[in-house]
Amino acid sequence: MIEQHKDRLTGCLGVAVSSVYIYQASLIEDSLLADAVGVAGVPTAIGYLMLAASMFLFLKSWLKTKQKAEVSEEETEAGGSEHPHLKALGLLALLATFVAIVPVLGFVVSIGLFVAAIAYYAGARDAKTLLWCALITGPMLWLSFDFALEIHLPTGMWSQWIGK
Amino acid sequence: MDSFLLALSNLSSGWVILSAFAGVLWGIFGGALPGLSPSIAMALLLPFTVGMEATNALVLLASVYVGAEYGGSIPAILIRTPGTNSASATVIDGNEMAKRGQAGEALGISLMSGLYGGLFGLLVLVLCTESLAQVALAFTPAAYFSLGILGLSVIAGLSGGSLLRGLIAACMGLMIAFIGSDPVSGVQRFTLGSEDLLDGVKPILVMVGLFAVTEMLVQIGEPPWARGGSSSTRLKLPNWAMSKRLFKPQAIGAVIGTVEGVTPGAGGTVAAFMAYTEAKRWSKHPEEFGKGSPEGVAAPESANNVVTATALVPLLSLGIPGSNSAAILLGGFLIHGLQPGPMLFQKAPEVVYGLYGGLFIANIAMLLIGLVILSPCMWLVNRPKPYLIAFILALVMSGVYAIHQSMFDCGLVLLVGILGYGMRLLKLPVLPLVLGMVLGYMVESNYRRSLLISGGDHSIFVTDTVSAILLGLSAILSAYTLWKEIAERRKSVK
């Protein structure tokens with residue numbers, strides 16, 4: 001992506017985010033304990049600061065476009081995925097699926113499936129190793145957290161059998 | 001002199017040595033696990049200290065703190081995942097060194113800088129506790145606000161060449177810091193009706209998301225480990241020439257760590273970031289920072305390990321716990337019927353000096369344990385990329401869940417990961433965001449408290465001596481960085 005386009009996009013996003021933030025800050029109700037600055041005072045000021053910085057960045061890049069455009073150096077490395085953003089999106093989908101299934105399948109089962117799925121997605125193809133990873137990771141983390149640290153991991157639908 | 005002899009006598013006590021080693025080992029484990037903060041690692045051991053002798057119990061808890069602050073740097077260097085908040089400054093150059101096949105060197109530098117920092121902090125603690133306690137007492141809310149501003153003034157140095165982008169990122173960090181209950185009135189802000197956000201967003205969640213999740217999202221689309229050089233798993237301690245080069249950043253880290261440590265509430269994270277930017281400012285090779293500079297690892301590691309000792313100054317001398325970890329240690333004192341404060345040195349000197357002796361052993365234990373465990377750690381991260389990505393994400397998710405035992409946090413970390421990915425695409429620097437988020441609460445709450453005290457009069461920030469000095473220092477630092485940036489830009493145009 002051309003450097004100036006990145007700046008312009010950053011500027012636009014900055015303006016959008018800060019505008020929403022300032023609007024949200026205006027909805028905060030003042031408390032009876034309110035001080036001179038008020039509950040929304042500092043957040044509003046920061047919102048305006050970001051708005052100003054974003055607009056300035058946008059204008060700066062817009063004026064620069066008339067000059068020579070700089071092309072960003074980083075592109076896909078040789079041997080990497082041709083669609084790195086799609087690949088990242090796929091990984092995000094797997095992570096989101098994990099967050100969604102933990103309350104149902106419990107942490108130990110979900111993390112086992114999760115590890116195998118991610119390793120496969122990242123390029124591992126040895127079925128035996130994948131199976132071992134799936135089988136070992138769950139109990140290992142359970143031993144570390146539930147047993148050693150006494151941080152109880154969610155048991156999901158197995159709770160009626162485990163009794164937690 | 002008697003105090004020294006008392007402290008030295010503890011160095012030969014078997015139980016003190018055992019407590020120090022066990023504490024450091026547990027601390028390194030806790031620190032290396034993303035999500036398990038030093039204070040949580042300490043809190044988990046607190047119930048076990050009830051039946052212990054007071055000195056051993058306190059040495060055990062303090063050693064956990066020492067180990068955890070060091071342990072946080074291991075995943076920060078090897079897998080770009082800071083185990084603790086204060087290790088996030090180490091990620092920048094430590095992980096770059098690891099990517100270039102210099103993980104052994106980076107871990108060696110972090111270990112030795114941590115050791116020097118820890119020992120320097122201990123020296124300060126032993127020699128200057130009473131005088132430094134006065135510094136803590138001089139800090140009014142106005143001074144805390146200015147300290148926060150001083151912390152934010154380093155943003156220019158962390159912006160990667162574009163102050164505007166750095167400013168936008170810092171504003172984003174501050175915006176995240178304002179989520180949750182208002183520090184003065186308790187009114188909910190930006191929680192979108194979610195009870196999970198009432199307590200705000202924990203900095204460690206944002207750091208894990210920004211560094212670890214983002215890195216994995218990037219790595220999944222890249223070829224098998226793009227590590228330059230060899231994939232050696234040997235730990236390399238700095239040689240004489242390197243040690244000489246690292247002296248300056250370590251000294252900078254030590255001084256900043258001392259000041260930040262004795263100031264309740266400031267903490268190792270701010271110290272690490274300030275040490276990093278100051279080391280860059282004073283370095284002969286500032287252009288190497290961000291690309292795998294050994295000095296960029298030494299300064300923050302030295303700073304955050306100094307804090308492990310100097311943070312005990314306000315606790316021991318005034319009874320003020322300046323951080324969560326110090327609060328847990330305070331709990332350890334109270335469990336054993338001891339009240340930290342000026343009288344502690346008269347009532348139970350053997351415990352205080354025993355703690356000093358124990359901290360010395362803890363630092364030595366950190367070195368010895370580090371020498372043993374670091375090579376296996378490096379071997380572990382040299383495993384095939386697909387399995388490593390899967391394991392790192394499993395560890396991140398488990399660690400994040402452990403913080404509040406909530407899946408909401410896991411979802412939040414994913415959102416932050418997306419934010420970090422977007423920021424990387426747009427070349428927005430993440431470090432100003434981290435700093436803004438860490439300092440947001442401190443700056444806002446103390447700004448408003450100061451104005452409550454002064455009745456809305458802003459002159460309080462310049463009439464308070466400490467505040468005025470800190471604000472002046474912030475102005476000088478910001479002006480110097482800006483001037484340097486403009487000068488460099490002009491030079492490159494020519």
# chains A, B, ... in the order shown; residues from 1 in each chain; ligands from 1
$ select_by_dssp --residues "segment 9-47 of chain B" --states "alpha helix (DSSP H)" --output "ChimeraX atom specification"
/B:9,14-32,38-45
$ select_by_dssp --residues "segment 49-285 of chain B" --states "strand (DSSP E or B)" --output "ChimeraX atom specification"
/B:180-181,188-189
$ closest_atom_pairs --of "chain B" --to "chain A" --cutoff "8 Å" --atoms "only C-alpha atoms" --output "CSV"
residue,atom,partner,partner_atom,distance
B:Leu44,CA,A:Leu149,CA,7.0
B:Leu164,CA,A:Ala53,CA,6.1
B:Arg165,CA,A:Leu57,CA,7.8
B:Leu167,CA,A:Ala53,CA,7.1
B:Ile168,CA,A:Met50,CA,5.5
B:Cys171,CA,A:Met50,CA,5.9
B:Met172,CA,A:Met50,CA,7.9
B:Leu174,CA,A:Ile46,CA,7.5
B:Met175,CA,A:Pro43,CA,6.7
B:Phe178,CA,A:Pro43,CA,6.8
B:Asp182,CA,A:Val39,CA,6.5
B:Val184,CA,A:Ala34,CA,7.8
B:Ser185,CA,A:Leu33,CA,5.6
B:Val187,CA,A:Ser31,CA,6.7
B:Gln188,CA,A:Ile28,CA,7.8
B:Arg189,CA,A:Ile28,CA,6.5
B:Phe190,CA,A:Gln24,CA,6.9
B:Leu217,CA,A:Ala88,CA,4.8
B:Val218,CA,A:Ala88,CA,6.7
B:Ile220,CA,A:Ala122,CA,6.1
B:Gly221,CA,A:Pro84,CA,4.3
B:Glu222,CA,A:Gly80,CA,4.2
B:Pro223,CA,A:Gly80,CA,4.1
B:Pro224,CA,A:Gly80,CA,7.8
B:Lys385,CA,A:Ala122,CA,7.7
B:Pro386,CA,A:Ala119,CA,4.6
B:Tyr387,CA,A:Ala119,CA,5.1
B:Leu388,CA,A:Ala119,CA,7.9
B:Ile389,CA,A:Ala119,CA,7.0
B:Ala390,CA,A:Val115,CA,5.0
B:Phe391,CA,A:Val115,CA,6.5
B:Ala394,CA,A:Ile111,CA,6.5
B:Ser398,CA,A:Leu141,CA,7.6
B:Ala402,CA,A:Ile151,CA,6.4
B:Gln405,CA,A:Leu153,CA,7.4
B:Met407,CA,A:Val99,CA,6.6
B:Cys410,CA,A:Val99,CA,6.7
B:Gly411,CA,A:Val99,CA,6.6
B:Leu414,CA,A:Leu92,CA,7.5
B:Leu426,CA,A:Lys6,CA,5.5
B:Lys427,CA,A:Lys6,CA,7.8
B:Glu444,CA,A:Val42,CA,6.8
B:Arg448,CA,A:Val37,CA,6.7
B:Leu451,CA,A:Ala36,CA,7.2
B:Leu452,CA,A:Asp35,CA,6.6
B:Gly455,CA,A:Ala36,CA,7.9
B:Gly456,CA,A:Ala36,CA,6.0
